[in-house]
$ cat upload-v3.txt   # compact mmCIF, C-alpha atoms
# COMPACT_ATOMS: atom_id res chain seq x y z
CA MET A 481 -24.08 -38.64 -25.54
CA THR A 482 -23.89 -40.38 -22.22
CA SER A 483 -20.16 -40.85 -22.51
CA HIS A 484 -19.63 -37.19 -23.33
CA MET A 485 -21.79 -36.16 -20.45
CA GLN A 486 -19.85 -38.30 -18.03
CA ASP A 487 -16.53 -36.96 -19.26
CA ASP A 488 -17.84 -33.43 -19.12
CA ALA A 489 -19.10 -34.03 -15.63
CA MET A 490 -15.70 -35.27 -14.55
CA SER A 491 -13.99 -32.26 -16.03
CA LEU A 492 -16.44 -29.82 -14.56
CA LEU A 493 -16.89 -31.25 -11.16
CA LEU A 494 -13.54 -32.61 -10.10
CA ASP A 495 -10.78 -30.21 -9.33
CA SER A 496 -7.09 -30.96 -9.66
CA ASN A 497 -7.00 -32.80 -6.35
CA LEU A 498 -9.31 -35.43 -7.72
CA ALA A 499 -7.97 -35.51 -11.26
CA ARG A 500 -6.02 -38.70 -10.80
CA HIS A 501 -8.95 -40.48 -9.29
CA ALA A 502 -11.10 -39.17 -12.13
CA ASP A 503 -8.76 -40.78 -14.65
CA THR A 504 -9.29 -44.10 -12.94
CA VAL A 505 -13.02 -43.56 -12.98
CA ARG A 506 -12.91 -42.84 -16.70
CA VAL A 507 -10.91 -45.94 -17.49
CA LYS A 508 -13.13 -48.19 -15.42
CA ALA A 509 -16.23 -46.52 -16.75
CA ALA A 510 -15.06 -47.20 -20.28
CA ARG A 511 -14.32 -50.81 -19.36
CA THR A 512 -17.75 -51.21 -17.84
CA ARG A 513 -19.37 -49.65 -20.86
CA ARG A 514 -17.60 -52.15 -23.04
CA ASN A 515 -18.57 -55.04 -20.82
CA LYS A 516 -22.15 -54.06 -20.35
CA ARG A 517 -22.50 -52.49 -23.78
CA GLY A 518 -23.55 -49.25 -22.25
CA ALA A 519 -26.64 -50.63 -20.61
CA ALA A 520 -25.65 -49.89 -17.05
CA LEU A 521 -24.72 -46.30 -17.58
CA SER A 522 -27.13 -45.16 -20.21
CA VAL A 523 -29.25 -42.18 -19.38
CA THR A 524 -32.48 -41.83 -21.20
CA ALA A 525 -34.37 -38.67 -21.90
CA ASN A 526 -36.81 -39.64 -19.17
CA ASP A 527 -33.98 -40.10 -16.72
CA GLN A 528 -32.79 -36.62 -17.49
CA VAL A 529 -36.21 -35.15 -16.95
CA SER A 530 -36.42 -36.83 -13.57
CA VAL A 531 -32.90 -35.76 -12.81
CA ILE A 532 -33.71 -32.15 -13.43
CA GLY A 533 -36.65 -32.43 -11.12
CA SER A 534 -34.63 -34.04 -8.39
CA MET A 535 -31.84 -31.52 -8.73
CA ASP A 536 -34.31 -28.76 -8.20
CA ALA A 537 -35.48 -30.50 -5.07
CA ARG A 538 -32.03 -31.33 -3.78
CA PRO A 539 -29.32 -29.04 -5.08
CA THR A 540 -25.86 -30.53 -4.87
CA THR A 541 -22.75 -29.01 -3.47
CA PHE A 542 -21.10 -29.11 -6.86
CA ALA A 543 -23.71 -27.26 -8.83
CA ALA A 544 -22.59 -23.85 -7.62
CA PRO A 545 -24.17 -21.11 -9.76
CA PRO A 546 -21.75 -19.23 -11.99
CA ALA A 547 -21.44 -15.49 -11.74
CA ALA A 548 -22.49 -14.90 -15.34
CA THR A 549 -23.79 -16.68 -18.44
CA THR A 550 -21.32 -18.38 -20.74
CA GLU A 551 -21.28 -17.50 -24.43
CA GLY A 552 -24.93 -17.06 -24.90
CA ILE A 553 -26.08 -19.95 -22.75
CA ALA A 554 -28.80 -18.71 -20.50
CA THR A 555 -28.09 -18.98 -16.79
CA ASP A 556 -31.02 -21.32 -16.24
CA ASP A 557 -29.89 -23.60 -19.02
CA PHE A 558 -26.38 -23.58 -17.67
CA HIS A 559 -27.56 -24.56 -14.21
CA GLN A 560 -29.71 -27.23 -15.73
CA ARG A 561 -26.80 -28.70 -17.67
CA VAL A 562 -24.52 -28.66 -14.66
CA GLY A 563 -27.29 -30.28 -12.65
CA ASN A 564 -27.68 -32.98 -15.29
CA LEU A 565 -23.98 -33.66 -15.43
CA THR A 566 -23.74 -33.77 -11.67
CA ARG A 567 -26.52 -36.30 -11.39
CA VAL A 568 -25.02 -38.43 -14.15
CA LEU A 569 -21.70 -38.42 -12.34
CA HIS A 570 -23.34 -39.36 -9.07
CA ASP A 571 -25.30 -42.15 -10.69
CA ALA A 572 -22.21 -43.41 -12.48
CA LEU A 573 -20.22 -43.48 -9.27
CA ARG A 574 -22.95 -45.38 -7.51
CA GLU A 575 -23.49 -47.86 -10.33
CA LEU A 576 -19.78 -48.54 -10.59
CA GLY A 577 -19.49 -49.02 -6.87
CA TYR A 578 -17.12 -46.10 -6.58
CA ASP A 579 -19.08 -44.59 -3.74
CA LYS A 580 -17.70 -47.39 -1.57
CA GLU A 581 -14.17 -46.88 -2.86
CA LEU A 582 -14.47 -43.16 -2.26
CA ALA A 583 -15.71 -43.88 1.23
CA VAL A 584 -12.71 -46.10 1.94
CA THR A 585 -10.35 -43.51 0.48
CA ARG A 586 -11.94 -40.80 2.53
CA GLU A 587 -11.74 -42.93 5.67
CA HIS A 588 -8.01 -43.43 5.14
CA LEU A 589 -7.17 -39.78 4.61
CA PRO A 590 -7.37 -38.76 8.30
CA ASP A 591 -5.11 -41.69 9.11
CA ALA A 592 -2.68 -40.56 6.42
CA ARG A 593 -2.74 -37.05 7.87
CA ASP A 594 -2.08 -38.38 11.35
CA ARG A 595 0.83 -40.40 10.04
CA LEU A 596 2.36 -37.38 8.38
CA ALA A 597 1.89 -35.37 11.57
CA TYR A 598 3.50 -38.25 13.45
CA ILE A 599 6.51 -38.13 11.11
CA ALA A 600 6.80 -34.38 11.66
CA ARG A 601 6.61 -34.80 15.43
CA VAL A 602 9.04 -37.70 15.69
CA THR A 603 11.60 -36.13 13.35
CA GLY A 604 11.25 -32.88 15.27
CA GLU A 605 11.94 -34.67 18.53
CA ALA A 606 14.92 -36.40 16.95
CA ALA A 607 16.28 -33.06 15.75
CA GLU A 608 15.88 -31.60 19.24
CA LYS A 609 17.73 -34.56 20.75
CA VAL A 610 20.58 -34.05 18.31
CA LEU A 611 20.71 -30.34 19.15
CA ASN A 612 20.77 -31.17 22.85
CA ALA A 613 23.62 -33.61 22.23
CA VAL A 614 25.50 -31.00 20.20
CA ASP A 615 25.09 -28.45 22.99
CA HIS A 616 26.33 -30.99 25.52
CA ALA A 617 29.30 -31.96 23.34
CA ARG A 618 30.17 -28.30 22.89
CA SER A 619 30.10 -27.77 26.62
CA VAL A 620 32.36 -30.77 27.23
CA GLN A 621 34.67 -29.66 24.42
CA SER A 622 34.87 -26.17 25.85
CA GLU A 623 35.83 -27.54 29.28
CA LEU A 624 38.54 -29.70 27.71
CA VAL A 625 39.98 -26.74 25.81
CA GLN A 626 40.02 -24.55 28.92
CA HIS A 627 41.61 -27.30 30.99
CA GLY A 628 44.15 -27.94 28.23
CA ALA A 629 45.07 -24.26 28.05
CA SER A 630 45.59 -24.19 31.80
CA LEU A 631 47.81 -27.29 31.75
CA ARG A 632 49.76 -25.97 28.78
CA LEU A 633 50.80 -22.90 30.77
CA ARG A 634 51.87 -25.04 33.71
CA TRP A 635 53.85 -27.47 31.55
CA GLN A 636 55.56 -24.55 29.82
CA ALA A 637 56.63 -23.38 33.28
CA VAL A 638 57.98 -26.86 33.96
CA ARG A 639 59.90 -26.79 30.69
CA THR A 640 61.36 -23.38 31.52
CA TYR A 641 62.40 -24.59 34.94
CA ALA A 642 63.88 -27.80 33.53
CA THR A 643 66.04 -26.03 30.98
CA GLY A 644 66.16 -22.49 32.25
CA ALA A 645 69.33 -20.43 32.72
CA GLY A 646 71.40 -23.02 30.94
CA VAL A 647 70.90 -25.52 33.72
CA GLU A 648 69.61 -28.91 32.72
CA ARG A 649 67.44 -30.11 35.59
CA ALA A 650 65.78 -33.03 33.88
CA THR A 651 66.95 -36.39 32.64
CA PRO A 652 66.87 -36.84 28.85
CA ALA A 653 63.73 -38.97 29.16
CA GLY A 654 62.08 -36.41 31.44
CA ARG A 655 63.02 -33.60 29.10
CA LYS A 656 61.54 -35.49 26.15
CA LEU A 657 58.32 -36.11 28.04
CA VAL A 658 58.03 -32.44 28.98
CA ASP A 659 58.62 -31.36 25.37
CA GLU A 660 56.06 -33.80 23.99
CA THR A 661 53.50 -32.79 26.59
CA CYS A 662 53.99 -29.09 25.79
CA GLU A 663 53.62 -29.80 22.06
CA PHE A 664 50.49 -31.82 22.69
CA PHE A 665 48.81 -29.01 24.61
CA ALA A 666 50.00 -26.42 22.10
CA GLY A 667 48.39 -28.43 19.29
CA LEU A 668 45.00 -28.84 20.98
CA ASP A 669 43.44 -25.73 19.47
CA GLY A 670 43.42 -27.10 15.92
CA PRO A 671 41.49 -30.33 16.67
CA ALA A 672 39.22 -28.42 19.05
CA ASP A 673 38.32 -25.95 16.29
CA ARG A 674 37.72 -28.81 13.86
CA THR A 675 35.47 -30.55 16.38
CA GLN A 676 33.50 -27.31 16.85
CA ALA A 677 33.11 -27.03 13.08
CA ILE A 678 31.86 -30.61 12.88
CA LEU A 679 29.39 -29.94 15.68
CA THR A 680 28.20 -26.87 13.78
CA ASP A 681 27.67 -29.03 10.68
CA ILE A 682 25.68 -31.55 12.74
CA MET A 683 23.59 -28.72 14.15
CA MET A 684 22.97 -27.20 10.73
CA ALA A 685 21.91 -30.57 9.33
CA GLN A 686 18.94 -30.51 11.71
CA ASP A 687 17.30 -27.85 9.58
CA PHE A 688 15.85 -30.78 7.65
CA HIS A 689 13.09 -30.75 10.24
CA ASP A 690 12.05 -27.26 9.27
CA LEU A 691 12.21 -28.01 5.55
CA THR A 692 10.45 -31.38 5.65
CA GLY A 693 8.01 -30.03 8.20
CA GLN A 694 6.87 -27.33 5.82
CA VAL A 695 6.39 -29.86 3.03
CA ILE A 696 4.45 -32.17 5.34
CA ARG A 697 2.27 -29.26 6.43
CA LYS A 698 1.38 -28.54 2.81
CA VAL A 699 0.63 -32.20 2.08
CA VAL A 700 -1.56 -32.41 5.17
CA ALA A 701 -3.50 -29.35 4.01
CA LEU A 702 -3.86 -30.92 0.58
CA ALA A 703 -5.10 -34.19 2.08
CA GLN A 704 -7.59 -32.31 4.23
CA ASN A 705 -8.90 -30.44 1.22
CA MET A 706 -9.19 -33.68 -0.74
CA GLU A 707 -10.95 -35.35 2.16
CA GLU A 708 -13.53 -32.58 2.35
CA GLN A 709 -14.22 -32.77 -1.36
CA LEU A 710 -14.46 -36.55 -1.31
CA LEU A 711 -16.88 -36.30 1.58
CA ARG A 712 -19.06 -33.89 -0.37
CA LEU A 713 -18.91 -36.15 -3.39
CA LEU A 714 -19.85 -39.13 -1.26
CA ILE A 715 -22.78 -37.40 0.38
CA ASP A 716 -24.15 -36.41 -2.98
CA SER A 717 -23.57 -39.73 -4.71
CA THR A 718 -24.75 -42.13 -2.03
CA PRO A 719 -28.44 -42.79 -1.33
CA PRO A 720 -29.34 -42.02 2.30
CA GLU A 721 -30.18 -45.62 3.06
CA GLN A 722 -26.71 -46.71 1.92
CA ARG A 723 -24.71 -44.13 3.80
CA LYS A 724 -23.53 -46.44 6.48
CA LYS A 725 -19.97 -45.81 7.37
CA VAL A 726 -17.41 -47.99 5.67
CA GLU A 727 -15.33 -49.71 8.26
CA SER A 728 -11.84 -48.33 8.01
CA GLU A 729 -9.10 -50.88 7.73
CA LYS A 730 -6.44 -49.94 10.22
CA LEU A 731 -2.92 -50.06 8.85
CA ALA A 732 -0.14 -51.69 10.80
CA GLY A 733 2.39 -49.47 12.53
CA PRO A 734 2.81 -47.24 15.56
CA ILE A 735 -0.16 -45.36 16.94
CA VAL A 736 0.27 -41.88 15.56
CA ASN A 737 -2.69 -40.25 17.26
CA ALA A 738 -3.68 -41.64 20.62
CA ALA A 739 -5.88 -38.70 21.54
CA GLY A 740 -9.37 -39.78 22.48
CA ARG A 741 -8.53 -43.47 22.26
CA ASP A 742 -8.76 -45.73 25.25
CA ASP A 743 -7.46 -48.77 23.39
CA VAL A 744 -3.86 -47.67 23.24
CA VAL A 745 -1.11 -46.74 25.66
CA THR A 746 1.07 -43.72 25.21
CA ASP A 747 4.07 -44.47 27.39
CA GLN A 748 5.89 -47.25 29.25
CA ALA A 749 4.29 -46.28 32.57
CA GLN A 750 0.89 -47.11 31.13
CA VAL A 751 2.25 -50.41 29.84
CA ASP A 752 3.59 -51.23 33.30
CA ASP A 753 0.31 -50.19 34.95
CA LEU A 754 -1.62 -52.39 32.56
CA LEU A 755 0.67 -55.35 33.18
CA ALA A 756 0.43 -54.77 36.96
CA SER A 757 -3.36 -54.76 36.76
CA LEU A 758 -3.10 -58.13 35.03
CA GLY A 759 -1.01 -59.51 37.86
CA PHE A 760 2.41 -59.37 36.19
CA MET B 1376 26.75 -1.98 16.21
CA SER B 1377 28.60 -4.14 18.69
CA THR B 1378 28.18 -7.78 19.54
CA ASP B 1379 25.84 -6.57 22.28
CA ALA B 1380 23.18 -6.16 19.59
CA ARG B 1381 19.93 -7.75 20.63
CA PHE B 1382 18.39 -10.18 18.13
CA LEU B 1383 14.83 -11.43 17.78
CA ILE B 1384 14.54 -14.77 15.99
CA VAL B 1385 11.08 -15.45 14.54
CA ASP B 1386 10.25 -18.94 13.31
CA ASP B 1387 7.45 -21.38 14.00
CA PHE B 1388 9.89 -24.31 14.08
CA SER B 1389 11.77 -24.48 17.36
CA THR B 1390 14.59 -26.41 15.71
CA MET B 1391 15.30 -23.56 13.33
CA ARG B 1392 15.06 -20.94 16.08
CA ARG B 1393 17.61 -22.90 18.05
CA ILE B 1394 19.93 -23.31 15.07
CA VAL B 1395 19.86 -19.59 14.27
CA ARG B 1396 20.36 -18.72 17.91
CA ASN B 1397 23.39 -21.02 18.20
CA LEU B 1398 24.84 -19.70 14.97
CA LEU B 1399 24.47 -16.11 16.15
CA LYS B 1400 26.21 -17.13 19.35
CA GLU B 1401 29.08 -18.64 17.36
CA ILE B 1402 29.32 -15.45 15.33
CA GLY B 1403 29.50 -13.48 18.54
CA PHE B 1404 25.95 -12.28 19.15
CA VAL B 1405 24.84 -13.80 22.41
CA ASN B 1406 21.78 -11.63 23.07
CA ALA B 1407 18.89 -13.28 21.30
CA GLU B 1408 15.26 -13.98 22.03
CA GLU B 1409 12.73 -16.08 20.16
CA ALA B 1410 9.18 -15.72 18.88
CA GLU B 1411 6.98 -18.42 17.36
CA ASP B 1412 5.17 -16.24 14.86
CA GLY B 1413 4.88 -12.70 13.55
CA GLN B 1414 2.20 -11.61 15.99
CA ILE B 1415 4.21 -12.66 19.02
CA ALA B 1416 7.27 -11.02 17.51
CA LEU B 1417 5.44 -7.77 16.90
CA ASN B 1418 4.22 -7.68 20.48
CA MET B 1419 7.77 -8.27 21.71
CA LEU B 1420 9.15 -5.58 19.42
CA LYS B 1421 6.65 -3.06 20.78
CA SER B 1422 7.49 -3.83 24.37
CA THR B 1423 11.24 -4.45 24.22
CA LYS B 1424 14.07 -2.86 22.30
CA PHE B 1425 15.69 -5.09 19.70
CA ASP B 1426 18.44 -4.25 17.24
CA PHE B 1427 17.92 -6.94 14.64
CA VAL B 1428 15.15 -9.28 13.48
CA VAL B 1429 15.75 -12.63 11.79
CA SER B 1430 12.40 -13.85 10.52
CA ASP B 1431 10.92 -16.83 8.70
CA ILE B 1432 8.13 -16.17 6.17
CA ASN B 1433 5.68 -19.06 6.43
CA MET B 1434 4.24 -18.88 9.91
CA PRO B 1435 0.77 -19.13 11.44
CA ASN B 1436 -1.15 -16.12 12.78
CA MET B 1437 1.13 -13.53 11.19
CA ASN B 1438 3.62 -14.47 8.49
CA GLY B 1439 6.97 -12.86 7.84
CA PHE B 1440 5.69 -10.53 5.14
CA GLU B 1441 2.97 -9.19 7.43
CA LEU B 1442 5.48 -8.77 10.23
CA LEU B 1443 7.77 -6.88 7.88
CA LYS B 1444 4.89 -4.66 6.77
CA ASN B 1445 3.97 -3.92 10.37
CA ILE B 1446 7.55 -3.08 11.25
CA ARG B 1447 8.03 -0.78 8.29
CA SER B 1448 4.75 1.02 8.95
CA ASP B 1449 5.52 1.65 12.63
CA ASP B 1450 7.44 4.87 13.25
CA ALA B 1451 9.23 3.39 16.24
CA LEU B 1452 10.29 0.23 14.42
CA LYS B 1453 10.65 1.12 10.76
CA GLY B 1454 14.44 1.45 10.87
CA LEU B 1455 14.93 -2.01 12.36
CA PRO B 1456 17.05 -4.37 10.24
CA VAL B 1457 15.00 -7.40 9.19
CA LEU B 1458 16.67 -10.43 7.66
CA MET B 1459 14.29 -12.94 6.10
CA VAL B 1460 15.42 -16.56 6.49
CA THR B 1461 13.05 -18.86 4.68
CA ALA B 1462 12.60 -22.03 2.67
CA GLU B 1463 10.70 -20.01 0.06
CA ALA B 1464 13.03 -19.82 -2.89
CA LYS B 1465 10.45 -18.40 -5.30
CA LYS B 1466 11.58 -15.24 -7.01
CA GLU B 1467 8.26 -13.55 -6.39
CA ASP B 1468 8.76 -14.02 -2.65
CA ILE B 1469 12.25 -12.61 -2.79
CA VAL B 1470 11.00 -9.65 -4.80
CA ALA B 1471 8.10 -9.18 -2.41
CA ALA B 1472 10.48 -9.20 0.55
CA ALA B 1473 12.74 -6.66 -1.10
CA GLN B 1474 9.82 -4.43 -2.01
CA GLY B 1475 8.45 -4.79 1.50
CA GLY B 1476 11.67 -3.42 2.93
CA ALA B 1477 13.57 -6.51 3.99
CA SER B 1478 17.22 -5.85 4.76
CA GLY B 1479 18.30 -9.25 3.47
CA TYR B 1480 17.02 -12.65 2.39
CA ILE B 1481 18.51 -16.08 3.06
CA VAL B 1482 17.12 -19.30 1.62
CA LYS B 1483 17.16 -22.43 3.76
CA PRO B 1484 19.20 -24.53 3.99
CA PHE B 1485 21.98 -22.06 4.60
CA THR B 1486 25.46 -22.05 6.08
CA LYS B 1487 26.98 -20.28 9.02
CA ALA B 1488 29.15 -18.28 6.63
CA THR B 1489 26.08 -17.04 4.75
CA LEU B 1490 24.32 -15.95 7.90
CA GLU B 1491 27.43 -14.25 9.23
CA GLU B 1492 28.04 -12.42 5.96
CA LYS B 1493 24.45 -11.15 5.72
CA VAL B 1494 24.24 -10.11 9.36
CA GLN B 1495 27.54 -8.25 9.26
CA LYS B 1496 26.65 -6.56 5.99
CA ILE B 1497 23.28 -5.41 7.28
CA LEU B 1498 24.76 -4.20 10.56
CA GLN B 1499 27.46 -2.24 8.72
CA LYS B 1500 24.83 -0.64 6.54
CA ALA B 1501 22.68 0.16 9.55
CA THR B 1502 25.50 1.88 11.39
CA ALA B 1503 26.95 3.68 8.34
$ encode --input "upload-v3.txt" --output "structure tokens"
Amino acid sequence: MTSHMQDDAMSLLLDSNLARHADTVRVKAARTRRNKRGAALSVTANDQVSVIGSMDARPTTFAAPPAATTEGIATDDFHQRVGNLTRVLHDALRELGYDKELAVTREHLPDARDRLAYIARVTGEAAEKVLNAVDHARSVQSELVQHGASLRLRWQAVRTYATGAGVERATPAGRKLVDETCEFFAGLDGPADRTQAILTDIMMAQDFHDLTGQVIRKVVALAQNMEEQLLRLLIDSTPPEQRKKVESEKLAGPIVNAAGRDDVVTDQAQVDDLLASLGF
Amino acid sequence: MSTDARFLIVDDFSTMRRIVRNLLKEIGFVNAEEAEDGQIALNMLKSTKFDFVVSDINMPNMNGFELLKNIRSDDALKGLPVLMVTAEAKKEDIVAAAQGGASGYIVKPFTKATLEEKVQKILQKATA
């Protein structure tokens, strides 16, 4: 009975965001039941009576009343069953020590969100830098093409002068140089067009920022939703006297959100100021 | 419609706005302005004359569908060509855009050739 109630509670109370975690809870709960032969998680009839009383006194977030009765079950009975299942779940989480694990998980979620936002920001800045470089390269390329076109006209005039009217005014070597120079300038348009096409490809490749940014935005929203639900679950499953905040373990890596923190620097100027204040 | 046509590019990602703007420039349309979301775009459309709108769908404040709805329900704007350029490749979104009166729909990532083809096709239709 207890096992069914716990499983039912999991199914009823955890939405899809928590499903994976619920699987872990089930597995560990089953393991604990085997190890402790059910003693730790058993719920007696008396427990349930007291549970009902306490639920009436302190309704949980999860026991939201349904809009209508379900297949003949009276609304009061339905509420009572949901209340029972909720309490069993809360007790199970506490007895298994999962309230602490949930707390740690919940503490890490904001950090995960910040890291995702950091990725979005840094990749966005990188994309902008590439676009700036592409614009600059295009400008330089355009100047080269214009200059080349101008020189081509002048060298063509030289060629005409050198060989015009049947009069050879250049040495064979000079004539060859003039011809090669004219051919070079005449052939500039092809490579210039190819370079422009390559620059366009580089520019288009930066759309990854938009695409990945949208995915990151969705994941961040998902993480926020999960965090809120975990927080609710924690509040309901943890006795008030044990609700001290679990110290979050900070992960190694760059500071992704320096706002409101006085223990980090945000640019090299602050590093230099700090070093100067230390006498360096 | 000549290459003097004035474009409004609506996207919450500055990178994409810049890419579309540069592509339009390469195609020959140099008159383009940008808006970060549908609400800003709608305000700009009501205060300034534009000939063509290139809009994303997923945006804060007012998304592309809402912008399209507002454009089509405004007597002064309802004839404006609106090309949706979005990462949403779901059929229901494409259908919704078509039913909402979009002039065209491009899924990201796209190529310069695709954008050019759609823009030219829409402009030809608009001037026919």
$ closest_residue --input "upload-v3.txt" --among "A:Val658, A:Val700, A:Val695, A:Ala607" --to "chain B" --atoms "all atoms listed in the file"
A:Ala607
$ atom_distance --input "upload-v3.txt" --atom1 "CA of Gln1495 (chain B)" --atom2 "CA of Thr1378 (chain B)"
10.3 Å
$ closest_atom_pairs --input "upload-v3.txt" --of "chain B" --to "chain A" --cutoff "12 Å" --atoms "only C-alpha atoms" --output "CSV"
residue,atom,partner,partner_atom,distance
B:Asp1386,CA,A:Asp690,CA,9.4
B:Asp1387,CA,A:Asp690,CA,8.8
B:Phe1388,CA,A:Asp690,CA,6.0
B:Ser1389,CA,A:Glu608,CA,8.4
B:Thr1390,CA,A:Glu608,CA,6.4
B:Met1391,CA,A:Asp687,CA,6.0
B:Arg1392,CA,A:Asp687,CA,9.7
B:Arg1393,CA,A:Leu611,CA,8.1
B:Ile1394,CA,A:Met684,CA,6.6
B:Val1395,CA,A:Met684,CA,9.0
B:Arg1396,CA,A:Met683,CA,11.2
B:Asn1397,CA,A:Met683,CA,8.7
B:Leu1398,CA,A:Thr680,CA,8.0
B:Leu1399,CA,A:Thr680,CA,11.6
B:Lys1400,CA,A:Thr680,CA,11.4
B:Glu1401,CA,A:Thr680,CA,9.0
B:Ile1402,CA,A:Thr680,CA,11.6
B:Asp1431,CA,A:Asp690,CA,10.5
B:Ile1432,CA,A:Gln694,CA,11.2
B:Asn1433,CA,A:Gln694,CA,8.4
B:Met1434,CA,A:Gln694,CA,9.7
B:Pro1435,CA,A:Arg697,CA,11.4
B:Val1460,CA,A:Asp690,CA,11.6
B:Thr1461,CA,A:Leu691,CA,9.2
B:Ala1462,CA,A:Leu691,CA,6.6
B:Glu1463,CA,A:Leu691,CA,9.8
B:Ala1464,CA,A:Leu691,CA,11.8
B:Val1482,CA,A:Leu691,CA,10.7
B:Lys1483,CA,A:Leu691,CA,7.7
B:Pro1484,CA,A:Asp687,CA,6.8
B:Phe1485,CA,A:Met684,CA,8.1
B:Thr1486,CA,A:Met684,CA,7.4
B:Lys1487,CA,A:Met684,CA,8.2
B:Ala1488,CA,A:Thr680,CA,11.2
B:Leu1490,CA,A:Met684,CA,11.7
$ atom_distance --input "upload-v3.txt" --atom1 "CA of Ile1481 (chain B)" --atom2 "CA of Met1459 (chain B)"
6.1 Å
$ axis_aligned_box --input "upload-v3.txt" --around "region 1386-1399 of chain B" --padding-each-side "5 Å" --output "lines of an AutoDock Vina configuration file"
center_x = 16.1
center_y = -21.3
center_z = 15.8
size_x = 27.4
size_y = 20.3
size_z = 14.9
$ atom_distance --input "upload-v3.txt" --atom1 "CA of Ala703 (chain A)" --atom2 "CA of Arg595 (chain A)"
11.7 Å
$ closest_residue --input "upload-v3.txt" --among "A:His588, A:Arg639, A:Arg697, A:Arg601" --to "Arg655 (chain A)" --atoms "only C-alpha atoms"
A:Arg639
$ build_atoms --input "upload-v3.txt" --residues "region 1389-1400 of chain B" --atoms "N, CA and C atoms" --output "mmCIF file, keeping the file's coordinate frame"
data_model
loop_
_atom_site.group_PDB
_atom_site.id
_atom_site.type_symbol
_atom_site.label_atom_id
_atom_site.label_comp_id
_atom_site.auth_asym_id
_atom_site.auth_seq_id
_atom_site.Cartn_x
_atom_site.Cartn_y
_atom_site.Cartn_z
ATOM 1 N N SER B 1389 10.822 -24.702 16.268
ATOM 2 C CA SER B 1389 11.770 -24.480 17.360
ATOM 3 C C SER B 1389 13.182 -24.903 16.971
ATOM 4 N N THR B 1390 13.264 -25.939 16.143
ATOM 5 C CA THR B 1390 14.590 -26.410 15.710
ATOM 6 C C THR B 1390 15.341 -25.303 14.997
ATOM 7 N N MET B 1391 14.642 -24.617 14.086
ATOM 8 C CA MET B 1391 15.300 -23.560 13.330
ATOM 9 C C MET B 1391 15.651 -22.368 14.222
ATOM 10 N N ARG B 1392 14.753 -22.040 15.149
ATOM 11 C CA ARG B 1392 15.060 -20.940 16.080
ATOM 12 C C ARG B 1392 16.346 -21.250 16.837
ATOM 13 N N ARG B 1393 16.454 -22.491 17.264
ATOM 14 C CA ARG B 1393 17.610 -22.900 18.050
ATOM 15 C C ARG B 1393 18.896 -22.868 17.207
ATOM 16 N N ILE B 1394 18.766 -23.318 15.962
ATOM 17 C CA ILE B 1394 19.930 -23.310 15.070
ATOM 18 C C ILE B 1394 20.410 -21.882 14.846
ATOM 19 N N VAL B 1395 19.476 -20.992 14.531
ATOM 20 C CA VAL B 1395 19.860 -19.590 14.270
ATOM 21 C C VAL B 1395 20.467 -18.978 15.528
ATOM 22 N N ARG B 1396 19.855 -19.271 16.656
ATOM 23 C CA ARG B 1396 20.360 -18.720 17.910
ATOM 24 C C ARG B 1396 21.795 -19.180 18.183
ATOM 25 N N ASN B 1397 22.040 -20.490 17.980
ATOM 26 C CA ASN B 1397 23.390 -21.020 18.200
ATOM 27 C C ASN B 1397 24.392 -20.443 17.214
ATOM 28 N N LEU B 1398 23.939 -20.279 15.969
ATOM 29 C CA LEU B 1398 24.840 -19.700 14.970
ATOM 30 C C LEU B 1398 25.210 -18.266 15.325
ATOM 31 N N LEU B 1399 24.214 -17.499 15.751
ATOM 32 C CA LEU B 1399 24.470 -16.110 16.150
ATOM 33 C C LEU B 1399 25.471 -16.081 17.316
ATOM 34 N N LYS B 1400 25.310 -17.044 18.199
ATOM 35 C CA LYS B 1400 26.210 -17.130 19.350
ATOM 36 C C LYS B 1400 27.636 -17.409 18.870
#
